[in-house]
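Participant: A single structure is presented below for examination.
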Amino acid sequence: MKIYNATGYLIILFYLLACVYSAPAHMGPWTGLFIGAVYFLFCWFLGGLYLADVLHLGIAHRSLDYKEWFVKAVTIVNNTFAIYVNPITWVNRHRLHHKNSDHDGDPNKVSGDGFWRTLYLCLLPYRCQENLATDDILQSRTFRAVASPVFVVLAQTATFCLLWKLVGSLKFTLVMWLGARVFGWWVNMVQNYWTHTRKFGYRRYDDERDNAMNIGEWLPVTATFSACLQNNHHHYQTLLRLSHDESEYDFGYLTVKAMKRLGLVKATAKGLIIPKDVALAALDF
């Protein structure tokens, strides 16, 4: 088993065991396991929807056009009740990542950064040298409010206290709170380290300008909403699906198609363009 898979499965296993161990007496271990799993899945799914589908393909690359109320609602709900990610700085870092991928100016990682350095950069990335996040929606009241330090402190503190109140145990709350965020850290490492280090994964396109790789196993693809198909994505950034062959599992694209059926999103013109070197007869969108 690859190291990134083993690490991910171990984090999930230890999280669930910690939930069983720390569950308060009035709840019992099995109820604690159930509640811990529900909280974990809630944070993962909402975070993936927010980052991979809405911020990434919807705003950063403009491959998808979401209903504006939906974008703002997902942004508020995720950053209040799940794992906080500043939408404005994230979009800016991501655009700079593509502009300078694996080179100076990439806020996520440069080519010489190893595992431990990248682990640190997931929490405290390099300073951005430009501002590429000037979209109208990023300057809206909603996004500016969510991006403020006051919102971070008030929303996350209130949600933590609410969770503590609901489960009736500080220890159990800390296990769930920290455990979900450790898993999010691993997701970040999949995208920033393992799919940007050439000894992992595979390359569909031999692009020499970056180290982007594809990792196609079930857990990384599901956990990252397909963002671990980095070689595909870097080769053609605006395509609305990250899989470039029908044989590639693409969980993120399945969620986008589900939102399309609900009338929440449509493709942009550039999101629909299939380059000649992409092995897809149609997008099936």
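Going through the structure tokens in order, the chains are called A, B, and so on, while each chain numbers its residues from 1 and the ligands are numbered from 1 in the order shown.
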Set the distance at 12 Å and use only C-alpha atoms: which residues neighbour Lys109 (chain A) once local chain neighbours fewer than 4 positions away are removed? I'd like the list as a PyMOL selection string.
Facilitator: chain A and resi 93-94+96-98+100-105+113-128+188-189+191-197+210-212
Participant: Could you name the residues that touch region 181-185 of chain A at 7 Å or less, counting only C-alpha atoms, but leaving out those on the same chain fewer than 4 positions away, as a list in words?
Facilitator: Ile11, Ile83, Trp177 and Met189 of chain A
Participant: Let me see the file: selected residues, C-alpha atoms, as a PDB file, in the first residue's frame.
Facilitator:
```pdb
ATOM      1  CA  ILE A  11      -5.884   8.694  10.392  1.00  0.00           C
ATOM      2  CA  ILE A  83     -13.250  23.562   8.744  1.00  0.00           C
ATOM      3  CA  TRP A 177     -12.716  18.779  16.275  1.00  0.00           C
ATOM      4  CA  MET A 189      -0.704  17.032   1.813  1.00  0.00           C
TER       5      MET A 189
END
```
Participant: Find the spatial neighbours of region 144-160 of chain A, counting only C-alpha atoms, within a cut-off of 8 Å - ignore same-chain residues fewer than 3 positions away - and output them as a VMD selection string.
Facilitator: chain A and resid 75 to 76 79 to 81 84 86 to 88 138 to 141 163 to 164 173 177
Participant: Which value, in Å to one decimal, gives the distance between CA of Phe14 (chain A) and CA of Gly179 (chain A)?
Facilitator: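 So the answer is 8.7 Å.
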Participant: Could you name the residues that touch region 234-240 of chain A at 7 Å or less, counting only C-alpha atoms, but leaving out those on the same chain fewer than 6 positions away, as a ChimeraX atom specification?
Facilitator: /A:57,61,63-64,205,212,270-274
Participant: By how many Å are CA of Gly58 (chain A) and CA of Phe42 (chain A) apart?
Facilitator: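 Distance between the two atoms: 21.0 Å.
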Participant: Which neighbours of Leu51 (chain A) fall inside 9 Å, counting only C-alpha atoms, when residues of the same chain fewer than 5 positions from it are skipped, and could you give them as a list in words?
Facilitator: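 Everything that qualifies: Leu46, His56, Leu57, Val85, Pro87, Trp90 and Phe225 of chain A.
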Participant: So, counting only C-alpha atoms, which residue among A:Leu55, A:Met259, A:Ala23, A:Val190 is closest to Lys2 (chain A)?
Facilitator: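 The shortest atom-to-atom distance to Lys2 (chain A) comes from A:Val190.
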Participant: Write out as a list in words the residues lying within 12 Å of Met1 (chain A), counting only C-alpha atoms and excluding same-chain residues fewer than 3 positions away.
Facilitator: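 Near Met1 (chain A), the qualifying residues are Tyr4, Asn5, Ala6, Thr7, Gly8, Tyr9, Leu10, Glu217 and Leu219 of chain A.
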Participant: Compare A:Ile59, A:Ala52, A:Leu162, A:Val187 by their minimum atom-to-atom distance to Leu242 (chain A), counting only C-alpha atoms, and give me the closest one.
Facilitator: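 Among the listed residues, A:Ala52 lies closest to Leu242 (chain A).
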